[in-house]
Amino acid sequence: MNIAIIGSGYVGLVTGVCLAHIGHHVICVDNNPQKIKKLKGGQVPIYEPGLQELMRACVKKKRLKFTGSIKEACQQSSVIFLALPTPPKSNGDADLTYIENASREIALNMDSYKLIVEKSTVPAQTGKKIQRTIQLNLPRKFKKGNKILLGFDVASNPEFLKEGSAVHDFMNPDRVVLGVESKKAEKILREIYKPLKTKMVVTNIASSEIIKHASNSFLTTKISFINAVAQICDRVGADVLKVAEGMGLDKRIGRQFLDAGIGYGGSCFPKDVDSFIHLGEKNGYDFALLKEVRRINDWQRRWFVRLIEEKLWNIKDKTIGVWGIAFKPNTDDIRNAAAIEIVRMLQAERARVRLYDPKAMDNARHVLKGVTFCDDPYAATQGCDCLLLLTEWQEFKDVDFIQVHEAMRQAVIFDGRNFLDAEHLRRMGFEYFAIGRGRSV
């Protein structure tokens, strides 16, 4: 099929490349000329394993191209995916300005049937607003009184991509959710995703929109729950890793997302929780459970800094090494990263910070000032009073800890991800503190 992807950010680019890979002809749109220039030159502006190689292969096969023009994309495509930013407003609601503007421009450039598909994470009832915007902005030649003479459909098809494994996730989905209001829209979307040979959940648009918010909010609930359990473990001498293992073997619960640490972050989880809370408020429901999930997540970061202060005595004028600034491994994304907030709290206490991350250093330089950025993990530990592990990159497990011990002023490690081998490090002479591993507080 001929498909347009409006918005070539993280979701849009991965979606466009993967749809081209499974056989469709895709045109990706973005209003950033520099990004389009880079994409046309074969360069991916984000770090995502396997994406650049796959993109170049699709371009070579003439299945994938890039443009800055929505008009061009509309003229060449029968299916148009909206993969645009939906940043949070101050009240927690999603800002749908980009979605509205794109919908208006699609309407002005339509000349035949189009299926417009929400790919961005949006609040329930957004589909209705997209439909109304298109109806209001269609050229007059396609209207006769209240009758619309040009057919189109709106659908919802939420993404479930994890940064760091997005290409794999797209090609091997647990399910594909199709929120549709017509048999024609369902047939088209089934045909698009047929090569993936996976379970398709067909529902109405509002239910599809809710599925994405409910899924992400449930995962954050698991994370905050195990972080709350970790606080109890620390106080009674229990080990949260064993607790999570025992819980996770129950098939009703599962082990995924039961990893205690410094909390969730990224571009999706915090925004989606806020948006779901706001959706409830707009419709007369106080989603108190999710408010507590959010509060626990915020507290976990403050508690971690308090733990550092307790063990070091004072943070002021101390030199602190930091391993990892991305919100998770295998990505350069620092949006809402717990590590960013922790570094800023340390700086507020007038600590000196030395930082290393395998992929997110360039992004971090834009938002962190007064930090010493280092070329490797060893340089980040030089002369430090303690070391913080804030992102669980595999590289950090493989370093020579004898060299790290020699480089540090005080051999103290705070593991914010329960990632390192506690017993091995303690045998080497490190003081090692983790999350929920027994009486850290």
# chains A, B, ... in the order shown; residues from 1 in each chain; ligands from 1
$ residues_around --residues "stretch 156-167 of chain A" --least-positions-apart "5" --cutoff "8 Å" --atoms "only C-alpha atoms" --output "MDAnalysis selection string"
chainID A and resid 11 14 18 48:51 117:121 127 173 176:180 205 208:209 212 329:331
$ write_last_selection --atoms "N, CA and C atoms" --output "tab-separated table (two decimals), in the first residue's frame"
chain	number	residue	atom	x	y	z
A	11	VAL	N	8.60	7.49	17.06
A	11	VAL	CA	7.55	6.56	16.66
A	11	VAL	C	7.36	6.57	15.15
A	14	VAL	N	10.43	4.89	13.13
A	14	VAL	CA	10.46	3.43	13.29
A	14	VAL	C	9.28	2.79	12.56
A	18	CYS	N	9.75	0.30	9.29
A	18	CYS	CA	9.30	-1.08	9.41
A	18	CYS	C	8.16	-1.41	8.45
A	48	GLU	N	18.89	4.08	17.76
A	48	GLU	CA	18.01	2.94	17.93
A	48	GLU	C	18.65	1.75	17.21
A	49	PRO	N	19.04	0.70	17.93
A	49	PRO	CA	19.76	-0.41	17.32
A	49	PRO	C	19.04	-0.97	16.09
A	50	GLY	N	19.78	-1.07	14.96
A	50	GLY	CA	19.29	-1.69	13.74
A	50	GLY	C	18.48	-0.79	12.84
A	51	LEU	N	18.10	0.40	13.30
A	51	LEU	CA	17.19	1.24	12.52
A	51	LEU	C	17.86	1.84	11.29
A	117	VAL	N	-4.99	7.60	10.41
A	117	VAL	CA	-4.77	6.69	11.53
A	117	VAL	C	-3.98	7.38	12.64
A	118	GLU	N	-4.54	7.42	13.85
A	118	GLU	CA	-3.80	7.90	15.02
A	118	GLU	C	-2.73	6.88	15.38
A	119	LYS	N	-1.49	7.29	15.35
A	119	LYS	CA	-0.39	6.45	15.85
A	119	LYS	C	0.16	7.03	17.16
A	120	SER	N	0.08	8.34	17.29
A	120	SER	CA	0.48	8.99	18.53
A	120	SER	C	-0.41	8.53	19.68
A	121	THR	N	0.13	8.62	20.89
A	121	THR	CA	-0.68	8.33	22.08
A	121	THR	C	-1.54	9.55	22.38
A	127	GLY	N	-10.14	10.80	18.32
A	127	GLY	CA	-10.57	10.39	16.99
A	127	GLY	C	-11.76	11.20	16.50
A	173	PRO	N	5.22	-8.18	17.35
A	173	PRO	CA	4.31	-7.58	18.35
A	173	PRO	C	3.53	-8.63	19.13
A	176	VAL	N	-1.65	-6.35	17.68
A	176	VAL	CA	-1.87	-5.09	16.96
A	176	VAL	C	-3.31	-4.66	17.26
A	177	VAL	N	-3.45	-3.46	17.79
A	177	VAL	CA	-4.77	-2.95	18.17
A	177	VAL	C	-5.30	-2.06	17.04
A	178	LEU	N	-6.51	-2.37	16.58
A	178	LEU	CA	-7.15	-1.63	15.50
A	178	LEU	C	-8.44	-1.01	16.02
A	179	GLY	N	-8.44	0.30	16.21
A	179	GLY	CA	-9.65	1.00	16.61
A	179	GLY	C	-10.31	1.58	15.38
A	180	VAL	N	-11.45	1.04	14.99
A	180	VAL	CA	-12.10	1.42	13.72
A	180	VAL	C	-13.59	1.64	13.92
A	205	ILE	N	-12.81	3.18	18.29
A	205	ILE	CA	-11.66	4.08	18.42
A	205	ILE	C	-11.41	4.45	19.88
A	208	SER	N	-9.62	1.70	21.74
A	208	SER	CA	-8.22	1.61	21.29
A	208	SER	C	-7.37	2.69	21.94
A	209	GLU	N	-7.91	3.90	22.01
A	209	GLU	CA	-7.17	5.01	22.65
A	209	GLU	C	-6.92	4.72	24.13
A	212	LYS	N	-3.95	2.02	25.09
A	212	LYS	CA	-2.56	2.48	25.21
A	212	LYS	C	-2.31	3.15	26.56
A	329	PRO	N	18.77	1.85	29.04
A	329	PRO	CA	19.88	1.49	28.15
A	329	PRO	C	19.43	1.32	26.70
A	330	ASN	N	20.40	1.36	25.79
A	330	ASN	CA	20.19	1.18	24.35
A	330	ASN	C	19.37	2.29	23.71
A	331	THR	N	19.45	3.49	24.29
A	331	THR	CA	18.83	4.66	23.69
A	331	THR	C	19.63	5.88	24.10
$ closest_atom_pairs --of "stretch 192-310 of chain A" --to "stretch 89-107 of chain A" --cutoff "8 Å" --atoms "only C-alpha atoms" --output "JSON lines"
{"residue": "A:Lys271", "atom": "CA", "partner": "A:Gly92", "partner_atom": "CA", "distance": 7.4}
{"residue": "A:Asp274", "atom": "CA", "partner": "A:Gly92", "partner_atom": "CA", "distance": 4.8}
{"residue": "A:Ser275", "atom": "CA", "partner": "A:Asp93", "partner_atom": "CA", "distance": 4.9}
{"residue": "A:Ile277", "atom": "CA", "partner": "A:Gly92", "partner_atom": "CA", "distance": 7.7}
{"residue": "A:His278", "atom": "CA", "partner": "A:Asp93", "partner_atom": "CA", "distance": 5.7}
{"residue": "A:Leu279", "atom": "CA", "partner": "A:Asp93", "partner_atom": "CA", "distance": 7.4}
$ write_last_selection --atoms "C-alpha atoms" --output "tab-separated table (two decimals), in the first residue's frame"
chain	number	residue	atom	x	y	z
A	271	LYS	CA	3.17	11.85	30.14
A	274	ASP	CA	-0.58	12.47	33.72
A	275	SER	CA	-2.87	12.35	30.71
A	277	ILE	CA	-5.30	11.17	35.42
A	278	HIS	CA	-6.50	14.28	33.60
A	279	LEU	CA	-8.88	12.28	31.40
$ residues_around --residues "A:Val17" --least-positions-apart "4" --cutoff "10 Å" --atoms "only C-alpha atoms" --output "ChimeraX atom specification"
/A:5,12-13,21-22,24-28,51-52,54-59,63-65,167
$ write_last_selection --atoms "C-alpha atoms" --output "compact mmCIF listing (two decimals), in the first residue's frame"
# COMPACT_ATOMS: atom_id res chain seq x y z
CA ILE A 5 3.71 8.92 8.07
CA GLY A 12 7.02 7.86 13.13
CA LEU A 13 10.44 6.93 11.82
CA HIS A 21 10.49 -3.27 5.32
CA ILE A 22 7.37 -5.51 5.23
CA HIS A 24 4.67 -1.12 1.66
CA HIS A 25 5.61 2.12 -0.11
CA VAL A 26 6.10 4.74 2.58
CA ILE A 27 6.69 8.48 2.55
CA CYS A 28 7.76 10.02 5.87
CA LEU A 51 17.19 1.24 12.52
CA GLN A 52 19.73 3.00 10.31
CA LEU A 54 17.07 -1.09 7.84
CA MET A 55 16.23 2.44 6.70
CA ARG A 56 19.04 2.50 4.15
CA ALA A 57 17.96 -0.89 2.79
CA CYS A 58 14.36 0.31 2.34
CA VAL A 59 15.49 3.50 0.58
CA ARG A 63 10.08 1.66 -0.75
CA LEU A 64 10.90 4.61 1.52
CA LYS A 65 11.37 8.34 0.96
CA VAL A 167 12.50 -2.51 15.47
$ select_by_dssp --residues "stretch 32-219 of chain A" --states "strand (DSSP E)" --output "PDB file with N, CA and C atoms, in the first residue's frame"
ATOM      1  N   LEU A  64      10.932   3.612   0.457  1.00  0.00           N
ATOM      2  CA  LEU A  64      10.905   4.607   1.517  1.00  0.00           C
ATOM      3  C   LEU A  64      11.517   5.911   1.034  1.00  0.00           C
ATOM      4  N   LYS A  65      10.813   7.025   1.280  1.00  0.00           N
ATOM      5  CA  LYS A  65      11.370   8.338   0.955  1.00  0.00           C
ATOM      6  C   LYS A  65      10.896   9.354   1.975  1.00  0.00           C
ATOM      7  N   PHE A  66      11.445  10.559   1.901  1.00  0.00           N
ATOM      8  CA  PHE A  66      11.209  11.583   2.908  1.00  0.00           C
ATOM      9  C   PHE A  66      10.863  12.911   2.256  1.00  0.00           C
ATOM     10  N   THR A  67       9.995  13.669   2.940  1.00  0.00           N
ATOM     11  CA  THR A  67       9.587  14.970   2.406  1.00  0.00           C
ATOM     12  C   THR A  67       9.201  15.901   3.557  1.00  0.00           C
ATOM     13  N   VAL A  79      -3.340   5.892   2.830  1.00  0.00           N
ATOM     14  CA  VAL A  79      -3.383   5.727   4.282  1.00  0.00           C
ATOM     15  C   VAL A  79      -2.384   6.699   4.891  1.00  0.00           C
ATOM     16  N   ILE A  80      -2.832   7.464   5.897  1.00  0.00           N
ATOM     17  CA  ILE A  80      -1.985   8.498   6.503  1.00  0.00           C
ATOM     18  C   ILE A  80      -1.938   8.277   8.010  1.00  0.00           C
ATOM     19  N   PHE A  81      -0.750   7.963   8.519  1.00  0.00           N
ATOM     20  CA  PHE A  81      -0.556   7.780   9.956  1.00  0.00           C
ATOM     21  C   PHE A  81      -0.115   9.102  10.579  1.00  0.00           C
ATOM     22  N   LEU A  82      -0.719   9.452  11.704  1.00  0.00           N
ATOM     23  CA  LEU A  82      -0.331  10.632  12.469  1.00  0.00           C
ATOM     24  C   LEU A  82       0.565  10.180  13.622  1.00  0.00           C
ATOM     25  N   LYS A 114      -9.282   8.686   1.948  1.00  0.00           N
ATOM     26  CA  LYS A 114      -8.103   8.528   2.803  1.00  0.00           C
ATOM     27  C   LYS A 114      -8.517   7.869   4.124  1.00  0.00           C
ATOM     28  N   LEU A 115      -7.628   7.044   4.636  1.00  0.00           N
ATOM     29  CA  LEU A 115      -7.769   6.513   5.987  1.00  0.00           C
ATOM     30  C   LEU A 115      -6.724   7.219   6.852  1.00  0.00           C
ATOM     31  N   ILE A 116      -7.194   7.995   7.826  1.00  0.00           N
ATOM     32  CA  ILE A 116      -6.298   8.737   8.709  1.00  0.00           C
ATOM     33  C   ILE A 116      -6.203   7.970  10.028  1.00  0.00           C
ATOM     34  N   VAL A 117      -4.985   7.603  10.412  1.00  0.00           N
ATOM     35  CA  VAL A 117      -4.769   6.692  11.532  1.00  0.00           C
ATOM     36  C   VAL A 117      -3.980   7.383  12.641  1.00  0.00           C
ATOM     37  N   GLU A 118      -4.544   7.416  13.849  1.00  0.00           N
ATOM     38  CA  GLU A 118      -3.804   7.902  15.017  1.00  0.00           C
ATOM     39  C   GLU A 118      -2.730   6.876  15.380  1.00  0.00           C
ATOM     40  N   LYS A 143     -18.404  19.340  -0.279  1.00  0.00           N
ATOM     41  CA  LYS A 143     -19.517  19.464   0.661  1.00  0.00           C
ATOM     42  C   LYS A 143     -20.787  19.886  -0.074  1.00  0.00           C
ATOM     43  N   LYS A 144     -21.904  19.369   0.369  1.00  0.00           N
ATOM     44  CA  LYS A 144     -23.199  19.794  -0.152  1.00  0.00           C
ATOM     45  C   LYS A 144     -24.137  19.906   1.042  1.00  0.00           C
ATOM     46  N   LYS A 147     -23.816  17.428   3.940  1.00  0.00           N
ATOM     47  CA  LYS A 147     -23.367  16.146   3.401  1.00  0.00           C
ATOM     48  C   LYS A 147     -21.915  16.249   2.930  1.00  0.00           C
ATOM     49  N   ILE A 148     -21.098  15.271   3.303  1.00  0.00           N
ATOM     50  CA  ILE A 148     -19.694  15.206   2.873  1.00  0.00           C
ATOM     51  C   ILE A 148     -19.620  14.297   1.655  1.00  0.00           C
ATOM     52  N   PHE A 152     -13.862   9.403   3.771  1.00  0.00           N
ATOM     53  CA  PHE A 152     -12.640   9.190   4.547  1.00  0.00           C
ATOM     54  C   PHE A 152     -13.008   8.488   5.846  1.00  0.00           C
ATOM     55  N   ASP A 153     -12.021   7.864   6.470  1.00  0.00           N
ATOM     56  CA  ASP A 153     -12.217   7.221   7.767  1.00  0.00           C
ATOM     57  C   ASP A 153     -11.102   7.655   8.699  1.00  0.00           C
ATOM     58  N   VAL A 154     -11.402   7.645   9.984  1.00  0.00           N
ATOM     59  CA  VAL A 154     -10.401   7.859  11.027  1.00  0.00           C
ATOM     60  C   VAL A 154     -10.294   6.560  11.821  1.00  0.00           C
ATOM     61  N   ALA A 155      -9.078   6.193  12.205  1.00  0.00           N
ATOM     62  CA  ALA A 155      -8.856   4.974  12.980  1.00  0.00           C
ATOM     63  C   ALA A 155      -7.785   5.231  14.029  1.00  0.00           C
ATOM     64  N   SER A 156      -7.711   4.335  14.986  1.00  0.00           N
ATOM     65  CA  SER A 156      -6.684   4.391  16.031  1.00  0.00           C
ATOM     66  C   SER A 156      -5.858   3.111  15.976  1.00  0.00           C
ATOM     67  N   VAL A 176      -1.653  -6.346  17.681  1.00  0.00           N
ATOM     68  CA  VAL A 176      -1.875  -5.095  16.961  1.00  0.00           C
ATOM     69  C   VAL A 176      -3.310  -4.660  17.258  1.00  0.00           C
ATOM     70  N   VAL A 177      -3.446  -3.456  17.789  1.00  0.00           N
ATOM     71  CA  VAL A 177      -4.768  -2.946  18.166  1.00  0.00           C
ATOM     72  C   VAL A 177      -5.303  -2.063  17.039  1.00  0.00           C
ATOM     73  N   LEU A 178      -6.512  -2.374  16.578  1.00  0.00           N
ATOM     74  CA  LEU A 178      -7.153  -1.630  15.499  1.00  0.00           C
ATOM     75  C   LEU A 178      -8.445  -1.013  16.023  1.00  0.00           C
ATOM     76  N   GLY A 179      -8.437   0.295  16.215  1.00  0.00           N
ATOM     77  CA  GLY A 179      -9.649   0.997  16.614  1.00  0.00           C
ATOM     78  C   GLY A 179     -10.314   1.584  15.382  1.00  0.00           C
ATOM     79  N   MET A 200      -4.730  -9.712  16.227  1.00  0.00           N
ATOM     80  CA  MET A 200      -5.269  -8.374  15.999  1.00  0.00           C
ATOM     81  C   MET A 200      -6.499  -8.169  16.880  1.00  0.00           C
ATOM     82  N   VAL A 201      -6.443  -7.121  17.685  1.00  0.00           N
ATOM     83  CA  VAL A 201      -7.552  -6.768  18.560  1.00  0.00           C
ATOM     84  C   VAL A 201      -8.332  -5.644  17.894  1.00  0.00           C
ATOM     85  N   VAL A 202      -9.569  -5.933  17.485  1.00  0.00           N
ATOM     86  CA  VAL A 202     -10.391  -4.953  16.779  1.00  0.00           C
ATOM     87  C   VAL A 202     -11.448  -4.415  17.735  1.00  0.00           C
ATOM     88  N   THR A 203     -11.509  -3.087  17.834  1.00  0.00           N
ATOM     89  CA  THR A 203     -12.446  -2.455  18.750  1.00  0.00           C
ATOM     90  C   THR A 203     -12.841  -1.092  18.192  1.00  0.00           C
TER      91      THR A 203
END
$ residues_around --residues "A:His405" --least-positions-apart "4" --cutoff "9 Å" --atoms "only C-alpha atoms" --output "number ranges by chain"
A: 381, 400-401, 409-412, 428-430
$ select_by_dssp --residues "stretch 76-285 of chain A" --states "helix (DSSP H, G or I)" --output "ChimeraX atom specification"
/A:76,97-109,126-137,140-142,166-171,183-196,205-236,240-248,269-282
$ closest_residue --among "A:Ile253, A:Leu387, A:Ile334, A:Ile308" --to "A:Glu349" --atoms "only C-alpha atoms"
A:Ile308
$ residues_around --residues "A:Ile435" --least-positions-apart "6" --cutoff "7 Å" --atoms "only C-alpha atoms" --output "list of chain:residue names"
A:Ala230, A:Ala260, A:Gly261, A:Gly416, A:Asn418
$ write_last_selection --atoms "C-alpha atoms" --output "PDB file, in the first residue's frame"
ATOM      1  CA  ALA A 230      11.833  -2.086  48.168  1.00  0.00           C
ATOM      2  CA  ALA A 260      13.179  -1.769  41.874  1.00  0.00           C
ATOM      3  CA  GLY A 261      15.282   1.300  41.182  1.00  0.00           C
ATOM      4  CA  GLY A 416      20.284   2.896  41.320  1.00  0.00           C
ATOM      5  CA  ASN A 418      20.348  -3.105  41.240  1.00  0.00           C
TER       6      ASN A 418
END
$ atom_distance --atom1 "atom CA of A:Val367" --atom2 "atom CA of A:Gln43"
23.5 Å
$ atom_distance --atom1 "atom CA of A:Lys291" --atom2 "atom CA of A:Gly436"
22.6 Å
$ atom_distance --atom1 "atom CA of A:Leu425" --atom2 "atom CA of A:Arg352"
24.1 Å
$ closest_residue --among "A:Glu392, A:Leu307, A:Val273, A:Ala360" --to "A:Lys328" --atoms "only C-alpha atoms"
A:Glu392
$ closest_residue --among "A:Phe225, A:Gln76, A:Arg302, A:Thr372" --to "A:Leu290" --atoms "only C-alpha atoms"
A:Phe225
$ residues_around --residues "A:Ala228" --least-positions-apart "6" --cutoff "12 Å" --atoms "only C-alpha atoms" --output "list in words"
Thr221, Lys222, Asp234, Arg235, Val240, Leu258, Asp259, Ala260, Gly261, Ile262, Gly263, Glu292, Val293, Arg294, Arg295, Ile296, Asn297, Asp298, Trp299, Gln300, Trp303, Ile435 and Gly436 of chain A
$ write_last_selection --atoms "C-alpha atoms" --output "compact mmCIF listing (two decimals), in the first residue's frame"
# COMPACT_ATOMS: atom_id res chain seq x y z
CA THR A 221 1.91 0.89 38.66
CA LYS A 222 4.01 -2.30 38.76
CA ASP A 234 15.40 -2.01 53.22
CA ARG A 235 13.77 -1.46 56.59
CA VAL A 240 13.77 -7.08 46.83
CA LEU A 258 9.17 -5.64 38.84
CA ASP A 259 12.64 -4.06 38.91
CA ALA A 260 13.18 -1.77 41.87
CA GLY A 261 15.28 1.30 41.18
CA ILE A 262 15.18 5.06 40.86
CA GLY A 263 11.85 5.06 39.05
CA GLU A 292 -0.02 7.65 44.19
CA VAL A 293 1.95 5.82 41.49
CA ARG A 294 3.29 9.20 40.39
CA ARG A 295 4.04 10.30 43.95
CA ILE A 296 6.02 7.12 44.70
CA ASN A 297 8.03 7.60 41.52
CA ASP A 298 8.93 11.17 42.46
CA TRP A 299 9.79 10.15 46.02
CA GLN A 300 12.13 7.35 44.86
CA TRP A 303 15.10 9.14 48.61
CA ILE A 435 17.65 -0.39 46.23
CA GLY A 436 15.74 -2.67 48.57
$ residues_around --residues "A:Ala407" --least-positions-apart "6" --cutoff "12 Å" --atoms "only C-alpha atoms" --output "PyMOL selection string"
chain A and resi 321+377-387+400-401
$ closest_residue --among "A:Ile223, A:Ala288, A:Cys268, A:Leu136" --to "A:Tyr10" --atoms "only C-alpha atoms"
A:Cys268
$ closest_residue --among "A:Ala214, A:Val305, A:Leu219, A:Tyr113" --to "A:Phe287" --atoms "only C-alpha atoms"
A:Ala214
$ closest_residue --among "A:Ala326, A:Val371, A:Ala364, A:Ile130" --to "A:Trp393" --atoms "only C-alpha atoms"
A:Ala326
$ decode --residues "stretch 270-294 of chain A" --atoms "C-alpha atoms" --output "PDB file, in the first residue's frame"
ATOM      1  CA  PRO A 270       5.196  10.119  32.861  1.00  0.00           C
ATOM      2  CA  LYS A 271       3.166  11.849  30.141  1.00  0.00           C
ATOM      3  CA  ASP A 272       0.687   8.991  29.765  1.00  0.00           C
ATOM      4  CA  VAL A 273       0.075   8.719  33.510  1.00  0.00           C
ATOM      5  CA  ASP A 274      -0.584  12.470  33.722  1.00  0.00           C
ATOM      6  CA  SER A 275      -2.875  12.349  30.705  1.00  0.00           C
ATOM      7  CA  PHE A 276      -4.869   9.402  32.060  1.00  0.00           C
ATOM      8  CA  ILE A 277      -5.303  11.165  35.418  1.00  0.00           C
ATOM      9  CA  HIS A 278      -6.495  14.283  33.596  1.00  0.00           C
ATOM     10  CA  LEU A 279      -8.884  12.275  31.404  1.00  0.00           C
ATOM     11  CA  GLY A 280     -10.460  10.882  34.555  1.00  0.00           C
ATOM     12  CA  GLU A 281     -10.800  14.353  36.082  1.00  0.00           C
ATOM     13  CA  LYS A 282     -12.450  15.727  32.931  1.00  0.00           C
ATOM     14  CA  ASN A 283     -14.982  12.928  33.095  1.00  0.00           C
ATOM     15  CA  GLY A 284     -15.687  13.131  36.820  1.00  0.00           C
ATOM     16  CA  TYR A 285     -13.366  10.419  38.159  1.00  0.00           C
ATOM     17  CA  ASP A 286     -10.506  10.904  40.628  1.00  0.00           C
ATOM     18  CA  PHE A 287      -7.809   8.415  39.543  1.00  0.00           C
ATOM     19  CA  ALA A 288      -6.220   8.426  43.014  1.00  0.00           C
ATOM     20  CA  LEU A 289      -4.359   5.168  42.352  1.00  0.00           C
ATOM     21  CA  LEU A 290      -2.330   6.721  39.541  1.00  0.00           C
ATOM     22  CA  LYS A 291      -1.681   9.853  41.572  1.00  0.00           C
ATOM     23  CA  GLU A 292      -0.025   7.650  44.195  1.00  0.00           C
ATOM     24  CA  VAL A 293       1.952   5.821  41.490  1.00  0.00           C
ATOM     25  CA  ARG A 294       3.291   9.197  40.388  1.00  0.00           C
TER      26      ARG A 294
END
